[in-house]
$ cat query.tsv   # TSV, C-alpha atoms
chain	number	residue	atom	x	y	z
A	1	MET	CA	-17.35	-123.00	59.02
A	2	PRO	CA	-17.17	-119.71	60.96
A	3	HIS	CA	-15.53	-121.38	63.96
A	4	GLU	CA	-14.07	-118.18	65.41
A	5	ALA	CA	-17.50	-116.53	65.45
A	6	PHE	CA	-19.10	-119.58	67.04
A	7	GLN	CA	-16.38	-119.66	69.71
A	8	GLU	CA	-16.95	-116.00	70.50
A	9	LEU	CA	-20.67	-116.67	70.89
A	10	ARG	CA	-20.07	-119.71	73.11
A	11	ASP	CA	-17.79	-117.68	75.36
A	12	THR	CA	-19.68	-114.39	75.51
A	13	ALA	CA	-23.29	-114.85	74.32
A	14	PRO	CA	-24.19	-118.56	74.18
A	15	VAL	CA	-27.85	-117.73	73.54
A	16	SER	CA	-27.95	-114.69	71.27
A	17	TRP	CA	-30.54	-112.96	69.11
A	18	GLN	CA	-29.76	-113.11	65.39
A	19	ASP	CA	-31.32	-111.14	62.57
A	20	GLU	CA	-32.73	-113.36	59.87
A	21	HIS	CA	-31.52	-112.03	56.56
A	22	ALA	CA	-32.95	-112.60	53.12
A	23	VAL	CA	-31.36	-115.53	51.27
A	24	LEU	CA	-31.35	-115.18	47.48
A	25	ASP	CA	-35.02	-114.51	46.66
A	26	TRP	CA	-36.25	-115.78	50.00
A	27	PRO	CA	-37.42	-112.87	52.18
A	28	ALA	CA	-35.97	-111.90	55.54
A	29	GLY	CA	-37.58	-113.43	58.62
A	30	PRO	CA	-38.37	-112.23	62.14
A	31	GLY	CA	-35.07	-113.38	63.69
A	32	TYR	CA	-34.25	-116.14	66.13
A	33	TRP	CA	-32.26	-117.16	69.20
A	34	ALA	CA	-28.99	-118.94	68.29
A	35	VAL	CA	-27.93	-121.61	70.81
A	36	THR	CA	-24.24	-122.46	70.55
A	37	ARG	CA	-23.07	-124.26	73.73
A	38	TYR	CA	-23.22	-128.04	73.95
A	39	ALA	CA	-25.18	-128.21	77.22
A	40	ASP	CA	-27.80	-125.74	76.00
A	41	VAL	CA	-28.19	-127.47	72.62
A	42	ARG	CA	-28.64	-130.81	74.37
A	43	HIS	CA	-31.22	-129.32	76.75
A	44	VAL	CA	-33.27	-127.81	73.92
A	45	LEU	CA	-33.33	-131.09	72.00
A	46	ARG	CA	-34.33	-133.06	75.09
A	47	THR	CA	-37.27	-130.87	76.19
A	48	PRO	CA	-39.91	-130.92	73.42
A	49	GLU	CA	-42.55	-129.75	75.88
A	50	VAL	CA	-40.70	-126.41	76.04
A	51	PHE	CA	-38.96	-126.28	72.66
A	52	SER	CA	-41.44	-127.63	70.11
A	53	SER	CA	-40.83	-129.16	66.70
A	54	TRP	CA	-44.55	-128.98	65.86
A	55	LEU	CA	-45.29	-125.28	66.38
A	56	GLY	CA	-43.14	-123.93	63.55
A	57	ALA	CA	-41.48	-127.07	62.15
A	58	THR	CA	-37.69	-127.55	62.17
A	59	GLN	CA	-36.23	-125.28	59.46
A	60	ILE	CA	-34.99	-121.77	60.26
A	61	ARG	CA	-37.15	-120.11	57.63
A	62	ASP	CA	-40.83	-120.06	58.55
A	63	PRO	CA	-43.02	-122.22	56.31
A	64	GLU	CA	-45.90	-120.62	54.49
A	65	PRO	CA	-48.97	-120.63	56.80
A	66	ASP	CA	-50.92	-122.67	54.25
A	67	ASP	CA	-48.15	-125.32	54.21
A	68	LEU	CA	-47.67	-125.69	57.96
A	69	ALA	CA	-50.41	-128.28	58.52
A	70	PHE	CA	-48.91	-130.40	55.73
A	71	ILE	CA	-45.35	-130.12	57.07
A	72	ARG	CA	-46.49	-131.09	60.57
A	73	ARG	CA	-47.47	-134.53	59.28
A	74	MET	CA	-43.79	-135.50	59.11
A	75	ILE	CA	-42.43	-137.25	62.22
A	76	LEU	CA	-39.49	-134.83	62.25
A	77	ASN	CA	-41.95	-132.00	62.91
A	78	MET	CA	-44.01	-133.72	65.62
A	79	ASP	CA	-43.97	-133.57	69.40
A	80	PRO	CA	-44.97	-136.27	71.89
A	81	PRO	CA	-47.27	-138.12	72.20
A	82	GLU	CA	-48.09	-138.36	68.47
A	83	HIS	CA	-44.40	-138.54	67.69
A	84	GLN	CA	-43.93	-141.64	69.86
A	85	ARG	CA	-46.83	-143.46	68.25
A	86	LEU	CA	-45.39	-143.12	64.76
A	87	ARG	CA	-41.84	-143.74	65.90
A	88	LYS	CA	-42.93	-146.99	67.55
A	89	ILE	CA	-44.36	-148.26	64.27
A	90	VAL	CA	-41.23	-147.48	62.30
A	91	ALA	CA	-38.83	-148.73	64.98
A	92	ALA	CA	-40.57	-152.10	64.84
A	93	VAL	CA	-39.49	-152.57	61.20
A	94	PHE	CA	-36.29	-150.48	61.14
A	95	THR	CA	-34.47	-153.24	63.02
A	96	ARG	CA	-30.77	-153.88	63.41
A	97	ARG	CA	-31.24	-157.33	61.89
A	98	ARG	CA	-32.78	-155.85	58.75
A	99	LEU	CA	-29.97	-153.32	58.46
A	100	GLU	CA	-27.10	-155.70	59.23
A	101	GLN	CA	-28.21	-158.22	56.62
A	102	SER	CA	-27.38	-155.68	53.92
A	103	ALA	CA	-23.75	-155.32	55.06
A	104	ALA	CA	-22.38	-157.63	52.35
A	105	GLU	CA	-24.11	-155.70	49.56
A	106	ILE	CA	-22.97	-152.37	51.03
A	107	THR	CA	-19.38	-153.63	51.20
A	108	ALA	CA	-19.49	-154.83	47.60
A	109	ARG	CA	-20.89	-151.48	46.49
A	110	ALA	CA	-18.21	-149.47	48.31
A	111	SER	CA	-15.51	-151.71	46.87
A	112	ALA	CA	-16.86	-151.41	43.32
A	113	LEU	CA	-17.24	-147.63	43.43
A	114	LEU	CA	-13.74	-147.09	44.79
A	115	SER	CA	-12.19	-149.70	42.48
A	116	SER	CA	-13.71	-147.90	39.50
A	117	VAL	CA	-11.55	-144.82	40.14
A	118	VAL	CA	-8.32	-146.30	41.51
A	119	SER	CA	-6.55	-146.61	38.14
A	120	ARG	CA	-7.26	-142.96	37.27
A	121	GLY	CA	-4.97	-141.51	39.91
A	122	SER	CA	-7.57	-138.90	40.79
A	123	CYS	CA	-11.30	-138.43	41.30
A	124	ASP	CA	-13.95	-135.97	42.39
A	125	LEU	CA	-15.07	-138.01	45.38
A	126	PRO	CA	-18.71	-136.85	45.72
A	127	VAL	CA	-19.42	-136.97	41.98
A	128	ASP	CA	-17.60	-140.25	41.31
A	129	VAL	CA	-18.24	-142.19	44.52
A	130	THR	CA	-20.04	-140.81	47.55
A	131	ASP	CA	-23.16	-139.31	45.98
A	132	ASP	CA	-24.13	-142.73	44.63
A	133	PHE	CA	-23.09	-144.85	47.61
A	134	PRO	CA	-25.77	-143.98	50.22
A	135	LEU	CA	-28.39	-143.42	47.54
A	136	LEU	CA	-28.06	-146.96	46.20
A	137	ASN	CA	-27.92	-148.41	49.71
A	138	LEU	CA	-31.18	-146.66	50.58
A	139	ALA	CA	-32.81	-147.78	47.34
A	140	ASP	CA	-31.99	-151.39	48.25
A	141	LEU	CA	-33.28	-150.89	51.78
A	142	LEU	CA	-36.56	-149.36	50.62
A	143	GLY	CA	-37.08	-151.71	47.70
A	144	VAL	CA	-36.91	-149.03	44.99
A	145	PRO	CA	-36.29	-150.68	41.60
A	146	PRO	CA	-32.98	-149.83	39.85
A	147	SER	CA	-34.71	-147.99	37.00
A	148	ASP	CA	-36.13	-145.40	39.42
A	149	ARG	CA	-33.10	-144.67	41.57
A	150	ASN	CA	-32.09	-141.50	39.74
A	151	LEU	CA	-35.31	-139.97	41.08
A	152	LEU	CA	-34.04	-140.21	44.65
A	153	LEU	CA	-31.03	-138.01	43.90
A	154	ARG	CA	-33.18	-135.51	42.02
A	155	TRP	CA	-35.60	-135.18	44.94
A	156	THR	CA	-32.77	-134.87	47.45
A	157	ASN	CA	-31.07	-132.09	45.49
A	158	ARG	CA	-34.37	-130.25	45.17
A	159	VAL	CA	-35.08	-130.30	48.91
A	160	ILE	CA	-31.54	-129.87	50.26
A	161	GLY	CA	-29.74	-127.92	47.54
A	162	TYR	CA	-32.28	-125.22	46.70
A	163	GLN	CA	-29.97	-122.46	48.01
A	164	ASP	CA	-26.99	-123.74	46.02
A	165	PRO	CA	-26.21	-122.31	42.54
A	166	GLU	CA	-25.39	-125.79	41.23
A	167	HIS	CA	-28.97	-126.90	41.89
A	168	ALA	CA	-30.67	-123.63	40.91
A	169	ASP	CA	-32.62	-125.40	38.17
A	170	GLU	CA	-34.55	-127.18	40.92
A	171	VAL	CA	-36.01	-123.91	42.25
A	172	VAL	CA	-39.64	-123.51	41.11
A	173	ARG	CA	-41.51	-120.20	41.29
A	174	ASP	CA	-45.16	-119.27	41.42
A	175	ALA	CA	-46.88	-116.92	38.96
A	176	SER	CA	-45.58	-113.86	40.82
A	177	GLY	CA	-41.97	-115.08	40.65
A	178	LYS	CA	-41.80	-116.04	44.33
A	179	PRO	CA	-39.85	-119.27	44.92
A	180	LEU	CA	-41.88	-122.18	46.26
A	181	ASN	CA	-40.88	-123.89	49.47
A	182	PRO	CA	-39.16	-127.17	48.45
A	183	ARG	CA	-41.03	-128.89	51.29
A	184	SER	CA	-44.45	-127.59	50.24
A	185	PRO	CA	-47.22	-129.87	48.92
A	186	ALA	CA	-46.76	-128.49	45.41
A	187	MET	CA	-43.05	-129.31	45.33
A	188	LEU	CA	-43.43	-132.79	46.85
A	189	ALA	CA	-46.41	-133.93	44.77
A	190	ASP	CA	-44.36	-136.08	42.37
A	191	MET	CA	-42.34	-137.66	45.18
A	192	PHE	CA	-45.44	-138.43	47.22
A	193	GLY	CA	-47.23	-139.80	44.19
A	194	TYR	CA	-44.33	-142.17	43.62
A	195	ALA	CA	-44.33	-143.21	47.29
A	196	SER	CA	-48.03	-144.11	47.06
A	197	GLU	CA	-47.46	-146.17	43.91
A	198	LEU	CA	-44.52	-147.97	45.50
A	199	ALA	CA	-46.53	-148.69	48.67
A	200	GLU	CA	-49.43	-150.11	46.65
A	201	TYR	CA	-47.05	-152.32	44.67
A	202	LYS	CA	-45.45	-153.63	47.88
A	203	ARG	CA	-48.87	-154.50	49.32
A	204	LYS	CA	-49.45	-156.76	46.32
A	205	HIS	CA	-45.86	-157.95	45.87
A	206	PRO	CA	-44.17	-157.85	49.29
A	207	ARG	CA	-40.43	-158.42	49.51
A	208	ASP	CA	-37.89	-158.33	52.31
A	209	ASP	CA	-37.47	-154.56	52.21
A	210	LEU	CA	-38.41	-151.58	54.35
A	211	MET	CA	-41.37	-150.38	52.30
A	212	SER	CA	-42.95	-153.85	52.31
A	213	ALA	CA	-42.57	-153.93	56.08
A	214	LEU	CA	-43.98	-150.41	56.54
A	215	VAL	CA	-47.17	-151.05	54.55
A	216	SER	CA	-48.05	-153.99	56.81
A	217	ALA	CA	-46.74	-152.74	60.17
A	218	THR	CA	-49.22	-152.15	63.00
A	219	VAL	CA	-49.06	-150.76	66.52
A	220	ASP	CA	-52.07	-151.14	68.80
A	221	GLY	CA	-54.03	-152.42	65.82
A	222	ARG	CA	-53.40	-149.40	63.60
A	223	MET	CA	-51.44	-149.27	60.35
A	224	LEU	CA	-49.80	-146.26	58.76
A	225	ASP	CA	-52.18	-144.33	56.52
A	226	ASP	CA	-51.19	-143.11	53.04
A	227	ALA	CA	-50.10	-139.67	54.23
A	228	GLU	CA	-47.89	-141.19	56.95
A	229	LEU	CA	-46.29	-143.59	54.47
A	230	GLN	CA	-45.57	-140.71	52.11
A	231	MET	CA	-43.94	-138.70	54.89
A	232	PHE	CA	-41.78	-141.63	55.99
A	233	PHE	CA	-40.67	-142.19	52.41
A	234	PHE	CA	-39.70	-138.52	52.23
A	235	LEU	CA	-37.80	-138.69	55.51
A	236	VAL	CA	-35.88	-141.87	54.65
A	237	VAL	CA	-34.97	-140.69	51.16
A	238	ILE	CA	-33.91	-137.16	52.13
A	239	ALA	CA	-32.53	-137.52	55.67
A	240	GLY	CA	-31.17	-141.02	55.13
A	241	ASN	CA	-29.35	-140.03	51.98
A	242	ASP	CA	-27.94	-136.62	52.72
A	243	THR	CA	-26.50	-137.33	56.17
A	244	VAL	CA	-24.17	-140.07	54.90
A	245	ARG	CA	-23.67	-138.27	51.59
A	246	SER	CA	-22.32	-135.27	53.56
A	247	ALA	CA	-20.37	-137.20	56.21
A	248	LEU	CA	-18.29	-139.29	53.81
A	249	PRO	CA	-16.45	-136.53	51.90
A	250	GLY	CA	-16.29	-134.55	55.15
A	251	GLY	CA	-14.50	-137.46	56.78
A	252	VAL	CA	-12.10	-137.94	53.89
A	253	LEU	CA	-11.30	-134.22	53.95
A	254	ALA	CA	-10.61	-134.41	57.70
A	255	LEU	CA	-8.21	-137.32	57.18
A	256	VAL	CA	-6.40	-135.64	54.29
A	257	GLN	CA	-5.97	-132.47	56.36
A	258	HIS	CA	-4.63	-134.46	59.34
A	259	GLN	CA	-1.99	-136.70	57.80
A	260	GLY	CA	-0.82	-138.12	61.12
A	261	GLU	CA	-4.30	-139.42	61.98
A	262	TYR	CA	-4.80	-140.61	58.40
A	263	ARG	CA	-1.63	-142.72	58.48
A	264	ARG	CA	-2.48	-143.92	61.99
A	265	LEU	CA	-5.84	-145.18	60.74
A	266	LYS	CA	-4.37	-146.67	57.57
A	267	SER	CA	-1.93	-148.69	59.66
A	268	ASN	CA	-4.65	-149.85	62.08
A	269	VAL	CA	-8.02	-150.26	60.37
A	270	ASP	CA	-9.49	-151.57	63.63
A	271	LEU	CA	-9.71	-147.90	64.71
A	272	VAL	CA	-12.40	-147.23	62.07
A	273	ASP	CA	-15.29	-147.39	64.53
A	274	SER	CA	-13.89	-144.66	66.79
A	275	ALA	CA	-12.67	-142.70	63.75
A	276	VAL	CA	-16.24	-142.59	62.42
A	277	GLU	CA	-17.43	-141.07	65.71
A	278	GLU	CA	-14.74	-138.39	65.53
A	279	ILE	CA	-15.64	-137.66	61.91
A	280	LEU	CA	-19.27	-137.18	62.96
A	281	ARG	CA	-18.16	-134.76	65.68
A	282	TRP	CA	-15.73	-132.92	63.41
A	283	HIS	CA	-18.03	-132.71	60.39
A	284	PRO	CA	-21.64	-133.09	61.59
A	285	PRO	CA	-23.89	-133.66	58.57
A	286	VAL	CA	-26.56	-131.35	59.98
A	287	LEU	CA	-25.48	-127.82	60.89
A	288	SER	CA	-28.56	-126.65	62.77
A	289	PHE	CA	-32.13	-127.43	63.76
A	290	ARG	CA	-34.95	-125.09	64.64
A	291	ARG	CA	-37.43	-125.31	67.51
A	292	THR	CA	-40.15	-122.89	68.66
A	293	ALA	CA	-40.62	-121.90	72.30
A	294	ALA	CA	-43.93	-123.29	73.57
A	295	CYS	CA	-43.87	-121.04	76.66
A	296	ASP	CA	-41.82	-118.25	78.21
A	297	VAL	CA	-38.49	-119.67	79.34
A	298	VAL	CA	-35.01	-118.57	80.39
A	299	LEU	CA	-32.08	-120.19	78.55
A	300	GLY	CA	-28.47	-119.14	78.83
A	301	GLY	CA	-29.53	-116.08	80.82
A	302	GLN	CA	-31.87	-114.87	78.06
A	303	GLU	CA	-35.63	-114.47	78.42
A	304	ILE	CA	-37.22	-116.30	75.51
A	305	ARG	CA	-40.89	-115.63	74.80
A	306	ALA	CA	-43.47	-118.17	73.69
A	307	GLY	CA	-43.46	-118.26	69.89
A	308	ASP	CA	-39.81	-117.23	69.51
A	309	LYS	CA	-37.68	-119.27	67.14
A	310	VAL	CA	-34.79	-121.11	68.79
A	311	VAL	CA	-32.05	-122.54	66.53
A	312	VAL	CA	-29.49	-125.00	67.90
A	313	TYR	CA	-26.10	-125.24	66.18
A	314	HIS	CA	-24.62	-128.73	66.28
A	315	VAL	CA	-21.56	-127.48	64.44
A	316	SER	CA	-20.85	-125.12	67.33
A	317	ALA	CA	-21.75	-127.54	70.13
A	318	HIS	CA	-19.28	-130.10	68.75
A	319	TYR	CA	-16.41	-127.66	69.27
A	320	ASP	CA	-17.38	-126.61	72.80
A	321	SER	CA	-14.34	-127.10	75.05
A	322	ARG	CA	-16.69	-127.47	78.04
A	323	GLN	CA	-17.65	-130.86	76.58
A	324	PHE	CA	-14.75	-131.82	74.30
A	325	PRO	CA	-11.20	-131.19	75.58
A	326	ASP	CA	-9.01	-129.63	72.90
A	327	PRO	CA	-11.95	-129.63	70.44
A	328	PHE	CA	-9.95	-128.38	67.46
A	329	ARG	CA	-7.71	-131.45	67.59
A	330	PHE	CA	-8.89	-134.20	65.25
A	331	ASP	CA	-8.36	-137.41	67.23
A	332	ILE	CA	-9.58	-140.73	65.80
A	333	THR	CA	-9.42	-142.34	69.26
A	334	ARG	CA	-11.22	-139.57	71.14
A	335	THR	CA	-13.13	-140.92	74.12
A	336	PRO	CA	-15.62	-140.11	75.40
A	337	ASN	CA	-17.15	-138.67	72.27
A	338	ASP	CA	-20.77	-137.88	73.02
A	339	HIS	CA	-21.48	-135.89	69.85
A	340	MET	CA	-24.99	-135.05	68.66
A	341	ALA	CA	-24.60	-135.70	64.94
A	342	PHE	CA	-27.66	-137.96	65.00
A	343	GLY	CA	-29.64	-135.74	67.36
A	344	GLN	CA	-30.68	-136.10	70.98
A	345	GLY	CA	-33.84	-136.79	72.95
A	346	PRO	CA	-37.07	-138.01	71.33
A	347	HIS	CA	-35.85	-137.15	67.82
A	348	LEU	CA	-32.68	-139.25	68.03
A	349	CYS	CA	-32.27	-140.46	64.44
A	350	LEU	CA	-33.96	-143.80	63.73
A	351	GLY	CA	-31.40	-144.46	61.00
A	352	ALA	CA	-28.32	-143.77	63.11
A	353	HIS	CA	-27.24	-147.40	63.09
A	354	PHE	CA	-27.62	-147.64	59.31
A	355	GLY	CA	-25.66	-144.42	58.86
A	356	ARG	CA	-22.82	-145.68	61.04
A	357	LEU	CA	-22.83	-149.05	59.28
A	358	GLN	CA	-22.39	-147.40	55.88
A	359	MET	CA	-19.66	-145.09	57.14
A	360	ARG	CA	-17.68	-147.89	58.79
A	361	ILE	CA	-17.86	-150.05	55.68
A	362	PHE	CA	-16.97	-147.16	53.37
A	363	PHE	CA	-13.89	-146.08	55.32
A	364	ARG	CA	-12.61	-149.65	55.61
A	365	GLU	CA	-12.87	-149.99	51.84
A	366	PHE	CA	-11.45	-146.51	51.25
A	367	LEU	CA	-8.36	-147.38	53.29
A	368	ARG	CA	-8.02	-150.76	51.58
A	369	ARG	CA	-8.75	-149.83	47.96
A	370	LEU	CA	-6.98	-146.49	47.51
A	371	PRO	CA	-3.37	-145.58	48.19
A	372	GLU	CA	-2.75	-142.55	50.38
A	373	VAL	CA	-4.61	-139.64	48.78
A	374	GLU	CA	-4.06	-135.91	48.91
A	375	LEU	CA	-6.14	-132.86	48.12
A	376	ASP	CA	-5.91	-131.75	44.49
A	377	THR	CA	-8.08	-128.60	44.64
A	378	GLU	CA	-9.96	-126.77	47.36
A	379	PRO	CA	-13.29	-128.43	48.25
A	380	VAL	CA	-16.55	-126.87	47.10
A	381	ARG	CA	-19.17	-126.72	49.85
A	382	LEU	CA	-22.93	-126.90	49.48
A	383	THR	CA	-24.62	-123.54	49.97
A	384	SER	CA	-26.96	-124.38	52.83
A	385	ASN	CA	-27.72	-123.28	56.38
A	386	PHE	CA	-28.93	-126.81	57.18
A	387	ILE	CA	-26.75	-129.51	55.58
A	388	ASN	CA	-22.95	-129.54	55.96
A	389	GLY	CA	-22.45	-130.77	52.42
A	390	ILE	CA	-19.43	-130.98	50.14
A	391	THR	CA	-20.34	-131.03	46.45
A	392	HIS	CA	-16.81	-131.39	45.02
A	393	LEU	CA	-13.69	-132.87	46.62
A	394	THR	CA	-10.96	-133.55	44.06
A	395	LEU	CA	-8.30	-136.01	45.25
A	396	ARG	CA	-5.16	-137.38	43.66
A	397	TRP	CA	-2.80	-140.24	44.43
A	398	ARG	CA	0.18	-142.02	42.94

$ encode --input "query.tsv" --output "structure tokens"
Amino acid sequence: MPHEAFQELRDTAPVSWQDEHAVLDWPAGPGYWAVTRYADVRHVLRTPEVFSSWLGATQIRDPEPDDLAFIRRMILNMDPPEHQRLRKIVAAVFTRRRLEQSAAEITARASALLSSVVSRGSCDLPVDVTDDFPLLNLADLLGVPPSDRNLLLRWTNRVIGYQDPEHADEVVRDASGKPLNPRSPAMLADMFGYASELAEYKRKHPRDDLMSALVSATVDGRMLDDAELQMFFFLVVIAGNDTVRSALPGGVLALVQHQGEYRRLKSNVDLVDSAVEEILRWHPPVLSFRRTAACDVVLGGQEIRAGDKVVVYHVSAHYDSRQFPDPFRFDITRTPNDHMAFGQGPHLCLGAHFGRLQMRIFFREFLRRLPEVELDTEPVRLTSNFINGITHLTLRWR
């Protein structure tokens, strides 16, 4: 992370205009306002009437005009009041009881994955353990049959990893050679087709899983239509998977690089809950989110015009000394720790509790199952301006 550059921006130009360069074969864009201080990031996320998710969606790069109407159907790219209506339906079935009842299976899965590598003396943590862990947990939650679970990872890599050389085979181009937006209708057709088939199956054969609950949920007498079910399936699979998938190796790396805190946690596992919060601050799974100004507004002393792109940087806000004293100190007992890893305002992540549950269980098992580990080679990071991913983290132990 370019922490020195972010600190300079926070101190001298907390809201600054940035050129939007071409990325691989993706063309340059019109530019955007980068928001780097904690208070300003929080304000943007909490005022959707001024900083809209709907106008231009939530990725830095502008969607194709023909795709925008499609992308706006996802709850992530909605503003109130439509956003609240859909959120209310999902919140009614995405309950703590439903999530907590899977704790035993999640614990068994973490234990099995870590036990499978302990005798080797080394592992590539994402490849051997943490890529599968949240994916399988989500498949159980949704009710996806075991034979289809490899599809979830494929779809996630296509949407999240399209800028990364390791996932270059997932980039699809049109007849002119232009790469297709991984969130476009053409690129999501197979995923959405599967979601519709799964929903229809659950209507006929309901089980105690999230998809069965979603197909029958109603608010004010209305059920989710097919398009809304498809979009929720997309959101749960992609957002639910990649946040935990990124946070776990990021947390292990933070512990390995801070041996005092690692040993402190290993000697007192009861500190796991607060350690998870510090990991989320230190290594936020999401680097940035985009909004679009709905009206002329002044932010951080800058005059922002209606229609301008505004990009908030969580990874900068989490190191703002105005909010977090001594922010470059990794402290597993930091309190208060009001990070924004799961968002703020109306778009506060519906799956935050499930994400925390998986992280707490994983780190308890990691501390219990493996001896003290150390870094074997330098980590390999996902090439992305959105997800703070680690694709390879090779560890060794005695």

$ atom_distance --input "query.tsv" --atom1 "atom CA of A:Val310" --atom2 "atom CA of A:Phe51"
7.7 Å

$ atom_distance --input "query.tsv" --atom1 "atom CA of A:Pro14" --atom2 "atom CA of A:Val35"
5.9 Å

$ closest_residue --input "query.tsv" --among "A:Asn337, A:Thr391, A:Thr383, A:Gln358" --to "A:Ile106" --atoms "all atoms listed in the file"
A:Gln358

$ residues_around --input "query.tsv" --residues "A:Ala254" --least-positions-apart "3" --cutoff "9 Å" --atoms "all atoms listed in the file" --output "list in words"
Pro249, Gly250, Gly251, Gln257, His258, Gln259, Tyr262, Ile279, Trp282, His283 and Phe330 of chain A

$ write_last_selection --input "query.tsv" --atoms "C-alpha atoms" --output "short mmCIF file (atom, residue, chain, number, x, y, z; two decimals), in the frame of the given file"
data_model
loop_
_atom_site.label_atom_id
_atom_site.label_comp_id
_atom_site.auth_asym_id
_atom_site.auth_seq_id
_atom_site.Cartn_x
_atom_site.Cartn_y
_atom_site.Cartn_z
CA PRO A 249 -16.45 -136.53 51.90
CA GLY A 250 -16.29 -134.55 55.15
CA GLY A 251 -14.50 -137.46 56.78
CA GLN A 257 -5.97 -132.47 56.36
CA HIS A 258 -4.63 -134.46 59.34
CA GLN A 259 -1.99 -136.70 57.80
CA TYR A 262 -4.80 -140.61 58.40
CA ILE A 279 -15.64 -137.66 61.91
CA TRP A 282 -15.73 -132.92 63.41
CA HIS A 283 -18.03 -132.71 60.39
CA PHE A 330 -8.89 -134.20 65.25
#

$ residues_around --input "query.tsv" --residues "stretch 117-126 of chain A" --least-positions-apart "5" --cutoff "7 Å" --atoms "all atoms listed in the file" --output "JSON, numbers by chain"
{"A": [131, 249, 370, 391, 392, 393, 394, 395, 396, 397, 398]}
